[in-house]
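*Asks:* The structure is given below, and queries will be raised subsequently.
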Amino acid sequence: MSHLPTPDVPMVRLSYNDIHTAIQNAAVKIKEEFAPTLFIAIGGGGFIPARILRTQLKTDINGKKRNIPIQAVGLVLYESMGGVEEKVGTEVVRTQWLDFSTLGQNFNHGGLLGRRILVVDEVDDTRTTLMYTIRELKSDIEKQLADVKDEKERERLREETKLAIFVVHNKLKEKAGKLDDDVAYFSAVDTPDLWLAYPWECDGDIEAHDGLRAQNPKF
Ligand code: 5GP
């Protein structure tokens with residue numbers, strides 16, 4: 001997901017190659033420990049990372065390399081308008097959600113069941129967005145399970161359905177909440193609480209953006 005960069009903290013500029021390399025390195029562990037069969041990219045920031053990761057994590061089916069499908073969701077983090085003491089970005093609003101008509105195409109249920117689902121975003125800041133996404137996905141999974149009539153089959157599918165998160169950057173700071181223990185978590189790079197300037201947000205000269213990386217604070 002994305003919101004406007006309003007940095008009042010030191011800025012770290014990142015190049016496409018920085019991100020590609022970080023994801024490539026993280027992919028080894030993700031493949032070994034989770035081996036996803038579905039990506040859910042949180043837009044806009046998770047789109048490019050999910051696409052890079054897809055190249056690294058092709059599945060092998062009968063000796064043929066297959067792409068893992070990517071589904072997109074759109075989420076915006078708004079400031080809560082109600083309270084006196086307002087925290088920045090406390091309310092998540094969906095602008096787009098899963099397309100169950102394509103997701104469920106080859107299944108006799110909605111398409112989430114039995115899959116190893118990796119949620120992809122660019123950065124875990126306060127974690128509000130990720131907490132929301134996992135909560136909503138779990139609720140969709142429960143709805144799909146409720147439609148499975150055979151109890152044995154339902155429990156098999158419940159057991160096989162797995163959720164995990166991948167972020168390119170995890171800011172080491174206090175988070176809005178704790179993720180459930182049954183959700184695996186992967187980050188390519190852990191960072192201090194700095195403002196990360198992604199190349200796809202650059203609306204000026206991308207070469208100049210890359211050049212300024214020499215001034216990045218070291219961490
Ligand atoms: P959350 O606070 O829910 O973890 O993050 C919400 C969203 O804020 C992220 O998905 C991202 O779009 C944006 N965000 C948070 N920190 C940064 C940052 O350092 N740089 C950029 N470009 N976006 C950020």
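In the structure tokens, chains take the letters A, B, ... in the order shown, each chain's residues start at 1, and ligands count up from 1 in the order shown.
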Name each residue within 10 Å of ligand 1, counting only C-alpha atoms and all ligand atoms, as a short mmCIF file (atom, residue, chain, number, x, y, z; two decimals) with C-alpha atoms, in the first residue's frame.

*Replies:*
data_model
loop_
_atom_site.label_atom_id
_atom_site.label_comp_id
_atom_site.auth_asym_id
_atom_site.auth_seq_id
_atom_site.Cartn_x
_atom_site.Cartn_y
_atom_site.Cartn_z
CA MET A 1 0.00 0.00 0.00
CA SER A 2 1.17 3.54 -0.23
CA HIS A 3 0.68 6.95 1.21
CA LEU A 4 2.32 10.29 0.57
CA PRO A 5 5.93 10.56 1.69
CA THR A 6 6.10 13.30 4.33
CA PRO A 7 9.53 12.66 5.73
CA VAL A 9 13.27 11.75 9.47
CA PRO A 10 16.50 10.93 7.59
CA MET A 11 15.82 9.64 4.08
CA VAL A 12 17.23 6.45 2.58
CA ARG A 13 17.09 6.40 -1.22
CA LEU A 14 16.77 2.98 -2.79
CA ILE A 42 -0.68 -4.98 -1.46
CA GLY A 43 -0.77 -2.07 -3.88
CA GLY A 44 0.86 0.08 -4.91
CA GLY A 45 4.12 -0.55 -3.01
CA GLY A 46 3.88 -4.35 -3.02
CA LEU A 75 -5.43 -0.52 0.75
CA VAL A 76 -5.12 3.07 1.94
CA LEU A 77 -4.15 4.06 5.43
CA TYR A 78 -6.11 7.13 6.56
CA VAL A 88 -1.27 9.21 11.84
CA GLY A 89 -2.77 6.48 9.70
CA THR A 90 -4.89 4.34 11.95
CA GLU A 91 -7.73 3.37 9.65
CA VAL A 92 -7.29 1.06 6.69
CA VAL A 120 3.71 -8.99 -0.17
CA ASP A 121 4.26 -5.31 0.66
CA GLU A 122 7.22 -2.98 0.38
CA VAL A 123 7.50 -1.91 4.00
CA ASP A 124 6.24 -2.87 7.44
CA ASP A 125 6.09 0.46 9.25
CA THR A 126 3.46 0.55 12.02
CA ARG A 127 2.16 -2.87 10.81
CA THR A 128 -1.42 -1.55 10.70
CA THR A 129 -1.84 -2.49 7.03
CA LEU A 130 -0.47 -6.01 7.45
CA MET A 131 -2.60 -6.68 10.54
CA TYR A 132 -5.68 -5.56 8.63
CA THR A 133 -4.81 -7.69 5.59
CA VAL A 167 8.14 -7.22 3.16
CA HIS A 169 11.85 -3.56 4.59
CA ASN A 170 10.84 -4.03 8.19
CA LYS A 171 11.31 -0.95 10.32
CA LYS A 175 4.22 -1.96 16.01
CA ALA A 176 0.47 -1.43 16.17
CA THR A 191 15.99 -1.00 9.10
CA PRO A 192 15.92 1.67 11.79
CA ASP A 193 12.91 4.01 11.74
CA LEU A 194 14.01 6.03 8.67
CA TRP A 195 12.07 7.29 5.66
CA LEU A 196 12.61 4.93 2.73
CA ALA A 197 12.43 6.58 -0.70
CA TYR A 198 11.54 3.91 -3.28
CA PRO A 199 12.59 4.39 -6.91
CA TRP A 200 9.02 3.99 -8.22
CA GLU A 201 8.02 7.04 -6.18
CA CYS A 202 10.60 9.21 -7.93
#

*Asks:* As a list in words, please: the residues near region 146-152 of chain A (cut-off 12 Å, only C-alpha atoms, same-chain neighbours under 6 positions excluded).

*Replies:*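 The neighbour list is Phe107, Asn108, His109, Gly110, Gly111, Leu113, Ser139, Asp140, Arg158 and Glu159 of chain A.
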
*Asks:* Neighbours of Thr37 (chain A) within 6 Å (only C-alpha atoms; same-chain residues fewer than 4 positions away dropped), as a PyMOL selection string?

*Replies:* chain A and resi 68+115-116

*Asks:* With C-alpha atoms retained, export the selected residues as a PDB file, in the first residue's frame.

*Replies:*
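This went into again-v1.pdb:
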ATOM      1  CA  ILE A  68       2.991 -18.370  -9.074  1.00  0.00           C
ATOM      2  CA  ARG A 115      -2.945 -22.658  -0.682  1.00  0.00           C
ATOM      3  CA  ARG A 116       0.243 -21.265   0.782  1.00  0.00           C
TER       4      ARG A 116
END

*Asks:* Out of chain A, which residues get helix (DSSP H, G or I) from DSSP, as an NGL selection string?

*Replies:* :A and (16-33 or 47-56 or 100-103 or 128-146 or 151-160 or 199-201 or 206-215)

*Asks:* Looking only at strand (DSSP E) from DSSP on the backbone, list the matching residues of region 37-208 of chain A as a ChimeraX atom specification.

*Replies:* /A:38-43,59-61,64-66,70-78,91-96,116-124,162-171,183-191,195-197

*Asks:* If I take CA of Thr55 (chain A) and CA of Phe219 (chain A), how far is one from the other in Å, to one decimal?

*Replies:*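 One can read the CA of Thr55 (chain A) to CA of Phe219 (chain A) distance as 28.2 Å.
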
*Asks:* In Å, with one decimal, what is the gap from CA of Val93 (chain A) to CA of Gly74 (chain A)?

*Replies:*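 Taking CA of Val93 (chain A) and CA of Gly74 (chain A), their separation equals 8.5 Å.
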
*Asks:* Report as a short mmCIF file (atom, residue, chain, number, x, y, z; two decimals) with N, CA and C atoms, in the first residue's frame all protein, DNA and RNA residues lying within 8 Å of Trp97 (chain A), evaluated on only C-alpha atoms, omitting residues in the same chain fewer than 3 positions from it.

*Replies:*
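Heads up, here's the output in result.cif:
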data_model
loop_
_atom_site.label_atom_id
_atom_site.label_comp_id
_atom_site.auth_asym_id
_atom_site.auth_seq_id
_atom_site.Cartn_x
_atom_site.Cartn_y
_atom_site.Cartn_z
N ALA A 72 -3.97 -8.92 -6.56
CA ALA A 72 -3.70 -7.58 -6.05
C ALA A 72 -4.80 -7.11 -5.12
N VAL A 73 -4.41 -6.48 -4.03
CA VAL A 73 -5.38 -5.77 -3.21
C VAL A 73 -4.89 -4.33 -3.06
N GLY A 74 -5.85 -3.41 -2.90
CA GLY A 74 -5.49 -2.00 -2.73
C GLY A 74 -5.98 -1.53 -1.38
N ARG A 94 -10.23 -0.31 2.17
CA ARG A 94 -10.01 -1.12 0.96
C ARG A 94 -10.39 -0.31 -0.28
#

*Asks:* When distances are computed from only C-alpha atoms, which of A:Gln56, A:Thr161, A:Gln215, A:Ser101 shows the smallest separation from Ile117 (chain A)?

*Replies:*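 Smallest separation from Ile117 (chain A) among the options: A:Thr161.
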
*Asks:* Report, in Å with one decimal, the straight-line distance from CA of Phe186 (chain A) to CA of Lys143 (chain A).

*Replies:* 26.6 Å

*Asks:* Region 64-66 of chain A: which residues within 10 Å, counting only C-alpha atoms, same-chain residues fewer than 6 positions away excluded, as a PyMOL selection string?

*Replies:* chain A and resi 54-55+57-58

*Asks:* Using C-alpha atoms, can you write the selected residues to a file as an mmCIF file, in the first residue's frame?

*Replies:*
data_model
loop_
_atom_site.group_PDB
_atom_site.id
_atom_site.type_symbol
_atom_site.label_atom_id
_atom_site.label_comp_id
_atom_site.auth_asym_id
_atom_site.auth_seq_id
_atom_site.Cartn_x
_atom_site.Cartn_y
_atom_site.Cartn_z
ATOM 1 C CA ARG A 54 7.755 -14.252 -8.681
ATOM 2 C CA THR A 55 10.797 -14.649 -10.935
ATOM 3 C CA LEU A 57 10.181 -18.464 -6.799
ATOM 4 C CA LYS A 58 8.880 -20.241 -9.875
#

*Asks:* Counting only C-alpha atoms, what is within 7 Å of region 24-30 of chain A, bar same-chain residues fewer than 3 positions away, as number ranges by chain?

*Replies:* A: 20-21, 33-35, 53, 56-57, 188

*Asks:* Which is closest to Asp190 (chain A) among A:Ala50, A:Ile206, A:Val168, A:Leu38, if we use only C-alpha atoms?

*Replies:* A:Val168
